[in-house]
Each structure stands twice: as structure tokens, then as C-alpha cells.
file entry.txt (compact mmCIF, C-alpha atoms)
# COMPACT_ATOMS: atom_id res chain seq x y z
CA MET A 4 -37.85 82.57 -49.34
CA SER A 5 -34.21 82.55 -48.30
CA ALA A 6 -33.13 82.62 -44.67
CA ILE A 7 -31.90 86.21 -44.99
CA ALA A 8 -35.25 87.26 -46.46
CA ARG A 9 -37.11 85.67 -43.55
CA ILE A 10 -34.77 87.13 -40.93
CA THR A 11 -34.92 90.65 -42.32
CA ALA A 12 -38.70 90.44 -42.61
CA GLY A 13 -38.90 89.44 -38.95
CA LEU A 14 -36.64 92.33 -37.92
CA ILE A 15 -38.78 94.83 -39.84
CA GLY A 16 -41.88 93.44 -38.14
CA LEU A 17 -40.23 93.73 -34.73
CA PHE A 18 -39.25 97.33 -35.44
CA ALA A 19 -42.83 98.17 -36.43
CA VAL A 20 -44.27 96.60 -33.26
CA GLY A 21 -41.51 98.14 -31.14
CA SER A 22 -42.22 101.59 -32.52
CA ILE A 23 -45.92 101.25 -31.70
CA GLY A 24 -45.06 99.99 -28.23
CA LEU A 25 -42.70 102.88 -27.59
CA ASP A 26 -45.32 105.35 -28.80
CA MET A 27 -47.83 103.84 -26.39
CA TRP A 28 -45.36 103.95 -23.49
CA ILE A 29 -44.60 107.63 -24.11
CA SER A 30 -48.30 108.50 -24.29
CA LEU A 31 -49.20 106.48 -21.18
CA SER A 32 -46.34 108.10 -19.27
CA ALA A 33 -47.72 111.53 -20.18
CA HIS A 34 -51.32 110.48 -19.41
CA PRO A 35 -51.26 108.07 -16.44
CA ASP A 36 -55.05 108.24 -16.22
CA ARG A 37 -55.35 106.23 -19.44
CA THR A 38 -55.42 102.45 -19.47
CA PHE A 39 -53.41 100.30 -21.87
CA LEU A 40 -56.53 99.21 -23.74
CA ALA A 41 -57.88 102.75 -23.96
CA GLU A 42 -54.58 103.99 -25.40
CA PHE A 43 -54.37 101.10 -27.85
CA TRP A 44 -57.93 101.79 -28.99
CA ARG A 45 -57.04 105.47 -29.44
CA LEU A 46 -54.09 104.58 -31.66
CA LEU A 47 -56.23 102.26 -33.77
CA ARG A 48 -57.96 105.25 -35.31
CA TYR A 49 -54.81 105.98 -37.38
CA PHE A 50 -54.04 104.53 -40.81
CA THR A 51 -50.35 104.56 -39.88
CA ILE A 52 -50.85 102.28 -36.87
CA LEU A 53 -53.25 99.90 -38.59
CA THR A 54 -51.01 99.55 -41.64
CA ASN A 55 -47.88 99.03 -39.53
CA LEU A 56 -49.70 96.29 -37.60
CA MET A 57 -50.75 94.69 -40.88
CA LEU A 58 -47.16 94.89 -42.11
CA ALA A 59 -45.85 93.37 -38.89
CA GLY A 60 -48.27 90.46 -39.18
CA LEU A 61 -47.18 89.77 -42.76
CA CYS A 62 -43.49 90.04 -41.82
CA PHE A 63 -43.89 87.59 -38.94
CA TRP A 64 -45.77 85.24 -41.25
CA VAL A 65 -42.89 85.35 -43.72
CA ALA A 66 -40.31 84.99 -40.92
CA SER A 67 -42.05 81.79 -39.79
CA GLY A 68 -41.36 80.24 -43.19
CA ARG A 69 -44.90 80.42 -44.55
CA ARG A 70 -45.60 81.51 -48.11
CA VAL A 71 -47.31 84.75 -49.06
CA ALA A 72 -48.71 85.54 -52.50
CA PRO A 73 -46.95 88.39 -54.37
CA PHE A 74 -50.31 90.20 -54.40
CA TRP A 75 -50.09 90.75 -50.64
CA THR A 76 -46.41 91.57 -50.25
CA ALA A 77 -46.79 94.19 -52.98
CA ALA A 78 -50.03 95.55 -51.51
CA VAL A 79 -48.41 96.12 -48.13
CA ALA A 80 -45.42 97.77 -49.82
CA LEU A 81 -47.76 100.22 -51.55
CA TRP A 82 -49.81 100.98 -48.43
CA ILE A 83 -46.80 101.54 -46.16
CA ALA A 84 -45.05 103.63 -48.82
CA ILE A 85 -48.07 105.95 -48.97
CA VAL A 86 -47.98 106.17 -45.16
CA GLY A 87 -44.46 107.58 -45.34
CA ILE A 88 -45.09 109.87 -48.31
CA VAL A 89 -48.31 111.41 -46.95
CA TYR A 90 -46.74 111.93 -43.53
CA HIS A 91 -43.68 113.73 -44.85
CA LEU A 92 -45.69 115.84 -47.30
CA LEU A 93 -48.66 116.77 -45.10
CA LEU A 94 -48.33 115.70 -41.48
CA ALA A 95 -44.68 115.83 -40.40
CA ARG A 96 -44.01 117.26 -36.95
CA ASP A 97 -40.85 118.77 -35.49
CA LEU A 98 -40.07 116.29 -32.71
CA SER A 99 -37.01 115.72 -30.57
CA GLY A 100 -35.80 113.41 -27.84
CA ILE A 101 -37.55 110.12 -27.24
CA ASP A 102 -40.69 111.37 -29.04
CA TRP A 103 -38.71 111.35 -32.28
CA TRP A 104 -37.98 107.62 -32.25
CA PRO A 105 -41.44 106.06 -32.71
CA ASP A 106 -42.33 108.80 -35.20
CA PHE A 107 -39.20 107.99 -37.21
CA GLY A 108 -39.83 104.27 -36.97
CA LEU A 109 -43.46 104.29 -38.07
CA HIS A 110 -43.24 106.92 -40.79
CA THR A 111 -39.71 106.56 -42.18
CA PHE A 112 -37.68 103.51 -41.18
CA VAL A 113 -40.40 100.88 -41.51
CA PRO A 114 -41.75 102.21 -44.85
CA VAL A 115 -38.30 102.52 -46.40
CA SER A 116 -36.98 99.22 -45.06
CA TYR A 117 -40.07 97.25 -46.09
CA VAL A 118 -40.16 98.71 -49.61
CA LEU A 119 -36.47 97.84 -49.98
CA TRP A 120 -37.20 94.34 -48.67
CA TRP A 121 -39.96 93.98 -51.25
CA LEU A 122 -37.66 95.12 -54.04
CA VAL A 123 -34.84 92.77 -53.06
CA PHE A 124 -36.51 89.65 -51.66
CA ALA A 125 -40.24 89.42 -52.34
CA PRO A 126 -41.51 87.33 -55.26
CA LYS A 127 -43.18 89.55 -57.84
CA ALA A 128 -44.29 87.24 -60.63
CA GLY A 129 -47.94 87.16 -61.56
CA LEU A 130 -48.90 90.71 -60.58
CA ARG A 131 -51.47 92.25 -62.95
CA PHE A 132 -52.39 95.87 -63.54
CA VAL A 133 -55.93 95.14 -62.34
CA ASP A 134 -54.39 94.47 -58.92
CA GLY A 135 -53.90 98.23 -58.64
CA LEU A 136 -57.68 98.56 -58.36
CA SER A 137 -57.92 95.79 -55.77
CA TRP A 138 -55.34 97.53 -53.60
CA LEU A 139 -57.68 100.52 -53.25
CA GLY A 140 -59.86 98.35 -51.01
CA TRP A 141 -57.87 98.92 -47.82
CA PRO A 142 -57.63 102.75 -48.02
CA ALA A 143 -61.30 102.96 -49.05
CA LEU A 144 -62.33 100.76 -46.13
CA TYR A 145 -60.21 102.88 -43.80
CA VAL A 146 -61.93 106.09 -44.92
CA VAL A 147 -65.31 104.56 -44.10
CA TYR A 148 -64.00 103.36 -40.73
CA ALA A 149 -62.38 106.71 -39.83
CA LEU A 150 -65.46 108.73 -40.75
CA GLY A 151 -67.79 106.32 -38.97
CA ARG A 152 -65.69 106.31 -35.83
CA GLY A 153 -65.34 110.08 -35.96
CA ALA A 154 -69.09 110.52 -36.27
CA PHE A 155 -69.49 108.34 -33.17
CA ASP A 156 -66.87 109.93 -30.87
CA GLY A 157 -66.25 113.30 -32.55
CA ARG A 158 -62.52 112.68 -33.06
CA TYR A 159 -61.08 112.43 -36.56
CA PRO A 160 -57.54 111.14 -37.18
CA TYR A 161 -56.41 113.57 -39.90
CA PHE A 162 -57.43 117.05 -40.99
CA PHE A 163 -58.26 115.83 -44.50
CA LEU A 164 -60.76 113.33 -43.06
CA ASN A 165 -62.34 115.82 -40.68
CA PRO A 166 -65.63 117.15 -42.09
CA VAL A 167 -65.75 119.77 -39.32
CA LYS A 168 -62.50 121.37 -40.49
CA SER A 169 -62.46 120.52 -44.19
CA GLY A 170 -66.17 120.14 -44.92
CA TRP A 171 -67.66 117.12 -46.63
CA MET A 172 -66.62 118.38 -50.06
CA GLY A 173 -63.08 118.77 -48.76
CA VAL A 174 -63.12 115.26 -47.32
CA ALA A 175 -64.43 113.91 -50.63
CA GLY A 176 -61.77 115.79 -52.58
CA TRP A 177 -58.93 114.66 -50.33
CA SER A 178 -60.20 111.07 -50.36
CA ALA A 179 -60.41 111.03 -54.15
CA GLY A 180 -56.94 112.53 -54.45
CA LEU A 181 -55.41 110.01 -52.06
CA CYS A 182 -57.15 107.12 -53.81
CA ALA A 183 -55.69 108.38 -57.09
CA ALA A 184 -52.25 108.46 -55.46
CA PHE A 185 -52.70 104.87 -54.26
CA PHE A 186 -53.79 103.77 -57.73
CA VAL A 187 -50.93 105.50 -59.55
CA GLY A 188 -48.47 104.17 -56.98
CA GLY A 189 -49.83 100.68 -57.47
CA ILE A 190 -49.52 100.85 -61.24
CA VAL A 191 -45.92 102.05 -60.90
CA MET A 192 -45.12 99.16 -58.54
CA ILE A 193 -46.69 96.59 -60.85
CA ALA A 194 -44.78 97.98 -63.83
CA LEU A 195 -41.58 97.82 -61.79
CA ALA A 196 -42.35 94.24 -60.74
CA LYS A 197 -42.90 93.24 -64.36
CA LEU A 198 -39.63 94.87 -65.33
CA LEU A 199 -37.72 93.11 -62.55
CA THR A 200 -39.20 89.70 -63.41
CA LYS A 201 -39.04 90.05 -67.20
CA GLY A 202 -37.53 86.98 -68.80
CA ARG A 203 -37.56 84.93 -65.62
CA PRO A 204 -39.29 81.53 -65.69
CA ARG A 205 -42.61 81.29 -63.91
CA PRO A 206 -42.11 79.70 -60.47
CA ALA A 207 -43.16 76.09 -59.87
CA ASP A 208 -45.59 77.24 -57.16
CA ALA A 209 -47.50 79.37 -59.66
CA ALA A 210 -50.77 78.49 -57.98
CA LEU A 211 -49.80 80.87 -55.21
CA HIS A 212 -50.14 83.72 -57.66
CA ASP A 213 -53.66 82.78 -58.69
CA PRO A 214 -55.98 85.62 -57.60
CA GLN A 215 -58.63 83.03 -56.77
CA LEU A 216 -56.37 81.72 -53.99
CA ARG A 217 -55.75 85.09 -52.41

call {"tool": "encode", "arguments": {"input": "entry.txt", "output": "C-alpha cells"}}
result
Amino acid sequence: MSAIARITAGLIGLFAVGSIGLDMWISLSAHPDRTFLAEFWRLLRYFTILTNLMLAGLCFWVASGRRVAPFWTAAVALWIAIVGIVYHLLLARDLSGIDWWPDFGLHTFVPVSYVLWWLVFAPKAGLRFVDGLSWLGWPALYVVYALGRGAFDGRYPYFFLNPVKSGWMGVAGWSAGLCAAFFVGGIVMIALAKLLTKGRPRPADAALHDPQLR
């Protein structure tokens, strides 16, 4: 990728990590009895935090000059876009002051900036519509993780994954609906990628786009 693509990817990754760090600092300041590790473990129950960390890792990988298959840059774009959409539709809070900044970073700035980065800089050749099914793997795995962790410690990250509040049928319904949203979003992204790459020659490093090498 170009130097500007690598630099902007690195900046997006830094903003994601910085937003998580600021969120932790605010929480630890309000709860001095908590340790750093305990607070970090608490945050790791959230899809938002896990996906932002995944995004940061990918961005730093790109910033270092290493190659990433289009399958993964697109997958992260889909997952972080859903983070922002679900938050603003279902979970948004009225925050002010310093509390507003990490919330804005994790749910708005990072999702928007990364999706724009994907549109402008990321290679998109070789994506297939079947990839939309593969991208359901991360949200499905997260649902299992969140429910398993909640069953162990009694704390669920979101109301729609809380069987105590929503019931198991409610959790199943919400999970199915969100998976459908991920799938439709993925298909839209793949169609957009095909439109943006239509007529362009296949890159010389086409092996990178081989699903067997992902």
C-alpha cells in the first residue's frame, strides 16, 4: 500500500487504542479499588472493545508495511461498521465532558474513519459473495463467548444478550436479527467492492486473495 495508506491506518489504530486507554483511565479514576488488569478484563466482555482491538492490530500491521488480504480488511470494515450502527440505534448514551471522548472515538470516529480508509485505500479485488457467510464467524463466536462468560459471572454486556432481561427466546431473536444485519451488510460491501474494482486488472500478488491462504 502507499505511504499515505499506511500512515492513516496507523493513526486510526492509535486512535482506537487511545480511546480504549482513555476509557480505562476514566473508569479507574472513578473506581480506585479496581486494578488495571481487572478493568481491562471487564472491558473485554464488550464486542466494541474486542473489535476495536482487532482493528488496531490490523491497522498497525498495515502501517508496518506488511500485506493483508482483502478478505480481512473488508471483514474488519463490516464488523466495526456494525459496532457504530448498533450503538447509535440501540445503545447510545447522553454523555458530556471527558466521558464523551472515548465513547465518540470507539463508536463513531474509529468506525467512520476505518470504513472510509477501506473505501479509499484497501485492496478489494477477489472478494466473493460467499465471504459474507464467513464474516458471520466473529459475531457468532462473540455471542457464544458473551453468553458463556455471563453464565459464569452473571454479568451480560448488552440487554439483547441478557437472558435474564430478554429471555432466551429474546436472545435468540436478537442474535438472529444481528446476524442477518451482518450478512446483509457484508453482501452490500462485497457488491460495492466489485463495483469499485470492475474493469481493473487483477493484481500481480493475486495469491494473497486466495481464500486458502487466509

call {"tool": "atom_distance", "arguments": {"input": "entry.txt", "atom1": "CA of Leu92 (chain A)", "atom2": "CA of Thr111 (chain A)"}}
result
12.2 Å

call {"tool": "residues_around", "arguments": {"input": "entry.txt", "residues": "region 50-57 of chain A", "least_positions_apart": "2", "cutoff": "7 Å", "atoms": "all atoms listed in the file", "output": "list in words"}}
result
Ala19, Val20, Leu46, Leu47, Arg48, Ala59, Gly60, Leu61, Ile83 and Val86 of chain A

call {"tool": "residues_near_point", "arguments": {"input": "entry.txt", "point": "(-68.0, 118.8, -37.8)", "cutoff": "10 Å", "atoms": "only C-alpha atoms", "output": "PyMOL selection string"}}
result
chain A and resi 153-154+157-159+165-171

call {"tool": "residues_around", "arguments": {"input": "entry.txt", "residues": "region 113-117 of chain A", "least_positions_apart": "5", "cutoff": "9 Å", "atoms": "all atoms listed in the file", "output": "VMD selection string"}}
result
chain A and resid 12 15 to 16 18 to 19 55 58 79 to 80 82 to 87 107 to 108 122

call {"tool": "closest_residue", "arguments": {"input": "entry.txt", "among": "A:Cys182, A:Val133, A:Ala194, A:Ile10", "to": "Gly68 (chain A)", "atoms": "all atoms listed in the file"}}
result
A:Ile10

call {"tool": "axis_aligned_box", "arguments": {"input": "entry.txt", "around": "region 170-180 of chain A", "padding_each_side": "3 Å", "output": "JSON"}}
result
{"center_x": -62.3, "center_y": 115.6, "center_z": -49.7, "size_x": 16.7, "size_y": 15.1, "size_z": 15.5}

call {"tool": "atom_distance", "arguments": {"input": "entry.txt", "atom1": "CA of Leu31 (chain A)", "atom2": "CA of Trp141 (chain A)"}}
result
29.0 Å

call {"tool": "closest_residue", "arguments": {"input": "entry.txt", "among": "A:Gly188, A:Met4, A:Ser30, A:Leu199", "to": "Phe132 (chain A)", "atoms": "only C-alpha atoms"}}
result
A:Gly188

call {"tool": "closest_residue", "arguments": {"input": "entry.txt", "among": "A:Ile7, A:Leu119, A:Leu109, A:Leu195", "to": "Ile88 (chain A)", "atoms": "only C-alpha atoms"}}
result
A:Leu109

call {"tool": "atom_distance", "arguments": {"input": "entry.txt", "atom1": "CA of Val71 (chain A)", "atom2": "CA of Leu25 (chain A)"}}
result
28.5 Å
